[in-house]
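Participant: One structure, pasted below without further comment.
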Amino acid sequence: MNMINDVKKETDTNPKNLPAIVVRDVVMFPGMSLPISVDRPKSVAAIELALGTTGKYIIAVSQKTAEIEDPKEEDLFKFGVLAEITQSLKMPDGSMKVFLQGVARAKITKLEFNPVAKCWYAEAEYPHDDTQPDAELKALMRQTLDQFEEYAMVTKRIAIEGVSFLRQIEDPSKLADTIASNIIVKTQDRQDILETVDIKARLEKLLKLLASEVEIISLEEKIHSKVRSQIEKSQKEYYLNEQMKAIQKELRQKDDFQKDIDDLRAKVKKNALPKQAAEIAEKEIDRLSKMAPFSPESTVSKTFLDWLVNMPWNNSTEDVLDISKAKKVLDAQHYGLDKVKERILEYLAVRQLTKSLKGPVLCFVGPPGTGKTSIAKSIAEAVGRKFVRMSLGGVRDESEIRGHRRTYIGSMPGRIIQGISKSKTNNPVFLLDEIDKMGSDWRGDPAAALLELLDPEQNKDFVDHYLDVPFDVSKVMFITTANSLSTIPITLRDRLEIIEFSGYTHYEKREIAKQYLIPKQMKEHGLKEGNLTIDTPALDLIMRDYVREAGVRNFEREIGTICRKAARQFVETNKPVLVNTTNLHNYLGVPKYSNASTEENGIGISTGLAWTSVGGETLPIEATKFDGKGQLILTGKLGDVMKESVRAALTFARSKGYAKNINMDKTDLHIHFPEGAVPKDGPSAGIAICTALISLLTNVPVKKGLAMTGEITITGRVLPVGGIKEKFLAAYRENIKTILYPKANEKDVSEIPEQVRKELTLIPVSHMDEVIKIVFGKAEPSKVATKKVVKKPAKKVVKAAVKAKAKSTKKPSKKLAKKRK
């Protein structure tokens with residue numbers, strides 16, 4: 001404390017405001033001498049200022065991260081040391097060498113950069129602990145000294161004589177700081193001891209830190225000893241193996257290990273590896289030949305060589321370029337899917353004209369059960385290539401794509417290289433199934449690893465981490481499948497040629513069942529032609545009452561159920577089985593879906609159309625009003641975009657005056673979207689929401705048998721939406737024949753099958769006013785008389801009316817009195 005008082009006397013009128021120097025990689029303690037080299041301009045300026053104005057006193061504060069060259073205030077600790085500059089030397093390059101002597105702890109209350117002095121200034125307090133030594137404190141000091149002595153013996157960096165000197169120190173604070181300044185620990189641990197003012201707590205922390213360091217250093221020494229003995233053992237084995245090889249060479253004998261090495265050398269020449277791969281293989285074989293046959297290193301090396309030399313570097317299958325034959329194969333296994341078939345035939349046509357065409361990267365997107373995976377296998381058969389399938393669902397590790405580095409035990413190539421190796425050709429049809437189901441975590445992002453693989457400009461030199469040799473995958477025909485594009489990163493989506501698979505129509509499902517599903521299921525269940533007949537009305541009934549889906553997966557499952565029961569019936573009776581609408585329930589049970597259509601439109605009820613990853617859906621919307629406080633209640637698990645669509649629709653309805661006869665301040669509106677457990681989002685229900693609101697506010701029912709889709713703005717414009725085909729097919733399945741859709745989506749109508757278009761009435765609209773005229777018909781809300789809200793007159797008006805009545809001498813007639821009332 002005497003030293004601190006001297007500092008206060010020697011400094012200016014603000015003794016707590018001193019220049020500050022930032023040190024890194026070290027934490028100072030009171031009583032500690034620290035020689036440092038200072039080259040940062042701010043620190044040099046602080047030292048020069050301290051030497052000239054503050055009596056050579058300065059605040060030394062450590063930075064939290066040593067790598068930061070120009071630390072900010074938040075990068076510095078709030079606890080430092082008041083230090084005296086005992087020596088200083090200016091160097092020719094502008095840096096300084098100084099010798100600092102720690103004086104006292106300094107708790108920094110304010111730290112700021114002075115632009116005039118060009119250095120840090122710190123306002124500090126100097127906390128200290130005046131605790132007098134007692135029995136407990138002396139015991140702590142003695143135990144800390146013993147632990148430090150053990151630390152000195154284990155580390156062998158501190159002389160034992162130094163420990164004897166420390167035993168002469170009686171001041172516990174000085175003892176703790178001296179020990180803390182001589183141990184090698186993390187900066188944060190040293191800072192923690194510096195910030196602990198209470199001497200007992202400081203000694204306890206120091207004791208725990210010393211014990212931990214002694215235990216860690218002891219373990220390091222133990223591990224080092226084991227490694228050293230293992231190396232000696234390996235050297236001995238190597239020497240004996242070399243002797244054995246020399247003996248075998250003299251006897252002209254070869255063991256199995258040597259035969260394996262010779263086989264690997266022969267494969268390198270036979271498979272004609274590329275120059276870089278051949279050099280790596282020869283180098284690794286040379287290393288393997290010098291290893292012990294049964295050592296772990298030789299097993300790892302041999303596994304690597306097996307993968308490397310057995311890759312199909314130059315083995316390719318010849319493409320079947322007969323377009324008519326390829327078309328027959330595709331048509332024989334799949335109904336429809338014209339876009340996919342056309343793209344494959346175009347590829348084969350171009351392959352006939354040029355041999356240098358790179359493999360396409362296709363992405364099939366559509367609902368489940370629409371044939372995305374199965375068509376990929378048919379494509380491989382059509383072009384005469386091997387087929388490889390890899391499921392990406394749930395893959396979160398980048399190493400699944402790129403492989404593990406050989407530094408890890410049990411490392412393997414990625415599944416791409418594994419698949420190509422198993423196919424034994426370098427140009428298979430490679431299916432990456434469910435690409436939209438990938439994830440990412442601390443192990444990496446598989447989608448990022450696919451960027452190089454699926455880029456035709458880069459995948460000529462695809463490098464797997466395990467092989468660490470470029471492999472040409474540009475000849476591979478990559479096909480990916482997904483249910484939705486929303487979860488595929490934009491950069492990856494940009495590399496894919498997207499072909500959309502829409503849901504099948506009722507007619508298409510019927511033909512698929514007749515031509516593919518029924519024959520396939522009959523064959524699988526041992527039924528021959530004539531043993532089972534399912535008539536067309538029964539198929540229609542299955543689609544209507546038992547399966548409602550965009551694809552045909554569940555449809556095929558129900559047909560399989562019929563085949564199982566029919567097989568049993570045929571075995572028991574030995575008579576052909578006929579399934580029709582009358583006896584269908586005997587095979588499939590009670591219908592899973594009722595014949596009732598979606599909630600019919602009415603007052604406050606409209607029907608929207610929604611797109612999902614499994615196809616289109618109808619979206620009933622219900623609205624009601626009741627007395628309240630002017631609140632808008634939304635239910636149905638809605639997303640933010642859909643909530644905004646509701647508000648936009650309500651704004652339009654009110655701006656057009658449909659709510660002018662309703663006191664909205666005392667009326668609550670509740671809008672509900674059924675199937676509340678299913679998340680819903682998107683703007684495409686905008687005009688349907690607005691229609692339900694206008695119907696509710698004007699008490700006019702919405703026309704029945706009508707559905708709509710389109711985004712609405714607050715001015716009533718109808719904007720385009722996506723998923724038009726799926727939405728129209730959903731309405732068609734629900735027997736809704738009139739559909740309103742945005743005029744900007746007219747280009748998408750051509751994708752609707754002609755059989756469906758003929759049965760639908762499709763009305764394009766560009767403004768909400770057009771929608772209102774259509775959905776309300778003759779009972780257009782603007783022409784409907786609604787009951788007006790009669791507001792109660794103010795008290796002053798009532799009094800004036802009473803006075804006027806009193807002045808009037810003429811008695812009103814009964815008719816006039818009744819009218820006034």
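By order of appearance in the structure tokens: chains A, B, ..., then residues from 1 within every chain, and ligands from 1 in the order shown.
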What's the 8 Å shell around range 324-337 of chain A, counting only C-alpha atoms, without same-chain residues fewer than 3 positions away, as a list in words?
Facilitator: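 With the cut-off at 8 Å, the set is Val320, Leu321, Val340, Lys341, Leu345, Gly371, Ile375, Ser378, Ile379, Glu381, Ala382, Val383, Phe501, Glu508, Glu511, Ile512 and Tyr516 of chain A.
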Participant: Do you know which residues are at most 10 Å from Val771 in chain A counting only C-alpha atoms, after dropping those on the same chain fewer than 5 positions away, and could you put them as a PyMOL selection string?
Facilitator: chain A and resi 687-688+690-691+708+716+718+740-741+763-766+776-777
Participant: Leaving out Leu76 in chain A and any residue of its chain fewer than 6 positions from it, which residues lie within 12 Å of it when counting only C-alpha atoms, given as a list in words?
Facilitator: Ala20, Ile21, Val22, Val23, Arg24, Val27, Ala60, Val61, Ser62, Gln63, Lys64, Thr65, Ala66, Ile68, Asp70, Ile108, Lys110, Leu111, Glu112, Trp120, Ala122, Gln188 and Gln191 of chain A
Participant: One decimal, in Å: what's the spacing between CA of Thr715 in chain A and CA of Phe652 in chain A?
Facilitator: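 Answer for the CA of Thr715 in chain A to CA of Phe652 in chain A separation: 6.1 Å.
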Participant: Could you pull out the strand (DSSP E or B) residues of range 110-147 of chain A from DSSP and send them as an NGL selection string?
Facilitator: :A and (110-114 or 119-125)
Participant: Which is closer to Ala124 in chain A than all the others in A:Ile59, A:Val26, A:Val473, A:Ile85, using only C-alpha atoms?
Facilitator: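 The shortest atom-to-atom distance to Ala124 in chain A comes from A:Ile59.
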Participant: I need the residue nearest Gln755 in chain A from this list: A:Ala623, A:Asp540, A:Asp130, A:Thr505. Use only C-alpha atoms for the distance.
Facilitator: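 Among the listed residues, A:Thr505 lies closest to Gln755 in chain A.
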Participant: For Gly604 in chain A, list every protein, DNA or RNA residue within 12 Å, evaluated using only C-alpha atoms, and leave out those in the same chain fewer than 2 positions away; present the list as a ChimeraX atom specification.
Facilitator: /A:599-602,606-607,620-625,669-672,688-703,776
Participant: Kindly save the residues from that selection, with N, CA, C and O atoms included, as a CSV table (one decimal), in the first residue's frame.
Facilitator:
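Listed below is the output, part15.csv:
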chain,number,residue,atom,x,y,z
A,599,GLU,N,-66.3,-29.9,-47.5
A,599,GLU,CA,-67.3,-29.0,-47.0
A,599,GLU,C,-67.8,-28.1,-48.1
A,599,GLU,O,-67.0,-27.3,-48.7
A,600,GLU,N,-69.1,-28.1,-48.3
A,600,GLU,CA,-69.6,-27.3,-49.4
A,600,GLU,C,-69.6,-25.8,-49.0
A,600,GLU,O,-69.7,-25.5,-47.9
A,601,ASN,N,-69.4,-25.0,-50.1
A,601,ASN,CA,-69.3,-23.6,-49.8
A,601,ASN,C,-70.7,-23.1,-49.3
A,601,ASN,O,-71.7,-23.6,-49.5
A,602,GLY,N,-70.6,-22.0,-48.5
A,602,GLY,CA,-71.8,-21.4,-47.9
A,602,GLY,C,-71.4,-20.1,-47.4
A,602,GLY,O,-70.4,-19.4,-47.7
A,606,SER,N,-65.5,-21.1,-47.9
A,606,SER,CA,-65.0,-21.2,-49.3
A,606,SER,C,-64.0,-22.3,-49.4
A,606,SER,O,-63.6,-22.9,-48.4
A,607,THR,N,-63.7,-22.7,-50.6
A,607,THR,CA,-62.7,-23.8,-50.8
A,607,THR,C,-61.5,-23.3,-51.6
A,607,THR,O,-61.7,-22.8,-52.7
A,620,PRO,N,-60.5,-26.3,-47.3
A,620,PRO,CA,-61.7,-25.6,-46.9
A,620,PRO,C,-61.3,-24.4,-45.9
A,620,PRO,O,-60.4,-24.6,-45.0
A,621,ILE,N,-62.0,-23.3,-46.0
A,621,ILE,CA,-61.8,-22.2,-45.1
A,621,ILE,C,-63.1,-21.7,-44.5
A,621,ILE,O,-64.1,-21.5,-45.2
A,622,GLU,N,-63.1,-21.6,-43.2
A,622,GLU,CA,-64.3,-21.3,-42.5
A,622,GLU,C,-64.1,-20.0,-41.7
A,622,GLU,O,-63.1,-19.8,-41.1
A,623,ALA,N,-65.1,-19.1,-41.8
A,623,ALA,CA,-65.0,-17.8,-41.1
A,623,ALA,C,-66.3,-17.5,-40.4
A,623,ALA,O,-67.4,-17.9,-40.9
A,624,THR,N,-66.2,-17.0,-39.2
A,624,THR,CA,-67.4,-16.6,-38.4
A,624,THR,C,-67.1,-15.3,-37.6
A,624,THR,O,-66.0,-15.0,-37.5
A,625,LYS,N,-68.2,-14.7,-37.2
A,625,LYS,CA,-68.0,-13.4,-36.4
A,625,LYS,C,-68.9,-13.5,-35.2
A,625,LYS,O,-70.0,-14.2,-35.2
A,669,LEU,N,-63.5,-11.6,-35.4
A,669,LEU,CA,-63.6,-12.4,-36.6
A,669,LEU,C,-62.7,-13.7,-36.3
A,669,LEU,O,-61.5,-13.5,-35.8
A,670,HIS,N,-63.2,-14.8,-36.5
A,670,HIS,CA,-62.5,-16.1,-36.3
A,670,HIS,C,-62.4,-16.8,-37.7
A,670,HIS,O,-63.4,-17.2,-38.2
A,671,ILE,N,-61.2,-17.0,-38.1
A,671,ILE,CA,-61.0,-17.8,-39.4
A,671,ILE,C,-60.2,-19.0,-39.1
A,671,ILE,O,-59.2,-19.0,-38.5
A,672,HIS,N,-60.8,-20.2,-39.5
A,672,HIS,CA,-60.3,-21.5,-39.2
A,672,HIS,C,-60.0,-22.3,-40.4
A,672,HIS,O,-60.8,-22.2,-41.4
A,688,ALA,N,-59.3,-17.2,-51.8
A,688,ALA,CA,-60.3,-18.0,-51.1
A,688,ALA,C,-60.6,-17.4,-49.7
A,688,ALA,O,-61.8,-17.4,-49.2
A,689,ILE,N,-59.6,-16.9,-49.0
A,689,ILE,CA,-59.8,-16.3,-47.7
A,689,ILE,C,-60.6,-15.1,-47.8
A,689,ILE,O,-61.6,-14.8,-47.1
A,690,CYS,N,-60.3,-14.2,-48.8
A,690,CYS,CA,-61.0,-13.0,-49.0
A,690,CYS,C,-62.5,-13.3,-49.4
A,690,CYS,O,-63.4,-12.6,-48.9
A,691,THR,N,-62.7,-14.3,-50.2
A,691,THR,CA,-64.1,-14.7,-50.5
A,691,THR,C,-64.9,-15.1,-49.3
A,691,THR,O,-66.1,-14.7,-49.1
A,692,ALA,N,-64.3,-15.9,-48.4
A,692,ALA,CA,-65.0,-16.3,-47.2
A,692,ALA,C,-65.3,-15.1,-46.3
A,692,ALA,O,-66.3,-15.0,-45.7
A,693,LEU,N,-64.3,-14.2,-46.2
A,693,LEU,CA,-64.5,-13.0,-45.4
A,693,LEU,C,-65.7,-12.1,-45.9
A,693,LEU,O,-66.6,-11.6,-45.1
A,694,ILE,N,-65.7,-11.9,-47.2
A,694,ILE,CA,-66.8,-11.0,-47.8
A,694,ILE,C,-68.1,-11.7,-47.6
A,694,ILE,O,-69.1,-11.1,-47.3
A,695,SER,N,-68.1,-13.0,-47.8
A,695,SER,CA,-69.4,-13.8,-47.6
A,695,SER,C,-69.9,-13.6,-46.2
A,695,SER,O,-71.1,-13.4,-45.9
A,696,LEU,N,-69.0,-13.7,-45.2
A,696,LEU,CA,-69.3,-13.5,-43.8
A,696,LEU,C,-69.8,-12.1,-43.5
A,696,LEU,O,-70.8,-12.0,-42.8
A,697,LEU,N,-69.1,-11.1,-44.0
A,697,LEU,CA,-69.5,-9.7,-43.7
A,697,LEU,C,-70.8,-9.3,-44.3
A,697,LEU,O,-71.5,-8.4,-43.8
A,698,THR,N,-71.1,-9.9,-45.5
A,698,THR,CA,-72.3,-9.5,-46.2
A,698,THR,C,-73.5,-10.5,-46.1
A,698,THR,O,-74.5,-10.2,-46.6
A,699,ASN,N,-73.2,-11.6,-45.4
A,699,ASN,CA,-74.2,-12.7,-45.2
A,699,ASN,C,-74.7,-13.3,-46.5
A,699,ASN,O,-75.9,-13.6,-46.6
A,700,VAL,N,-73.8,-13.3,-47.5
A,700,VAL,CA,-74.2,-13.9,-48.8
A,700,VAL,C,-73.4,-15.2,-49.0
A,700,VAL,O,-72.2,-15.2,-48.9
A,701,PRO,N,-74.0,-16.3,-49.3
A,701,PRO,CA,-73.3,-17.6,-49.5
A,701,PRO,C,-72.5,-17.6,-50.7
A,701,PRO,O,-72.8,-17.0,-51.7
A,702,VAL,N,-71.4,-18.4,-50.6
A,702,VAL,CA,-70.5,-18.6,-51.8
A,702,VAL,C,-71.1,-19.7,-52.6
A,702,VAL,O,-71.6,-20.7,-52.1
A,703,LYS,N,-71.0,-19.6,-54.0
A,703,LYS,CA,-71.5,-20.5,-54.9
A,703,LYS,C,-70.9,-21.9,-54.6
A,703,LYS,O,-69.7,-22.0,-54.4
A,776,PHE,N,-70.4,-15.1,-56.2
A,776,PHE,CA,-71.6,-14.7,-55.6
A,776,PHE,C,-72.8,-14.6,-56.6
A,776,PHE,O,-73.9,-14.5,-56.2
Participant: Using only C-alpha atoms, which residue out of A:Leu729, A:Val214, A:Leu609, A:Leu467 lies closest to Glu284 in chain A?
Facilitator: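 Closest candidate: A:Leu467.
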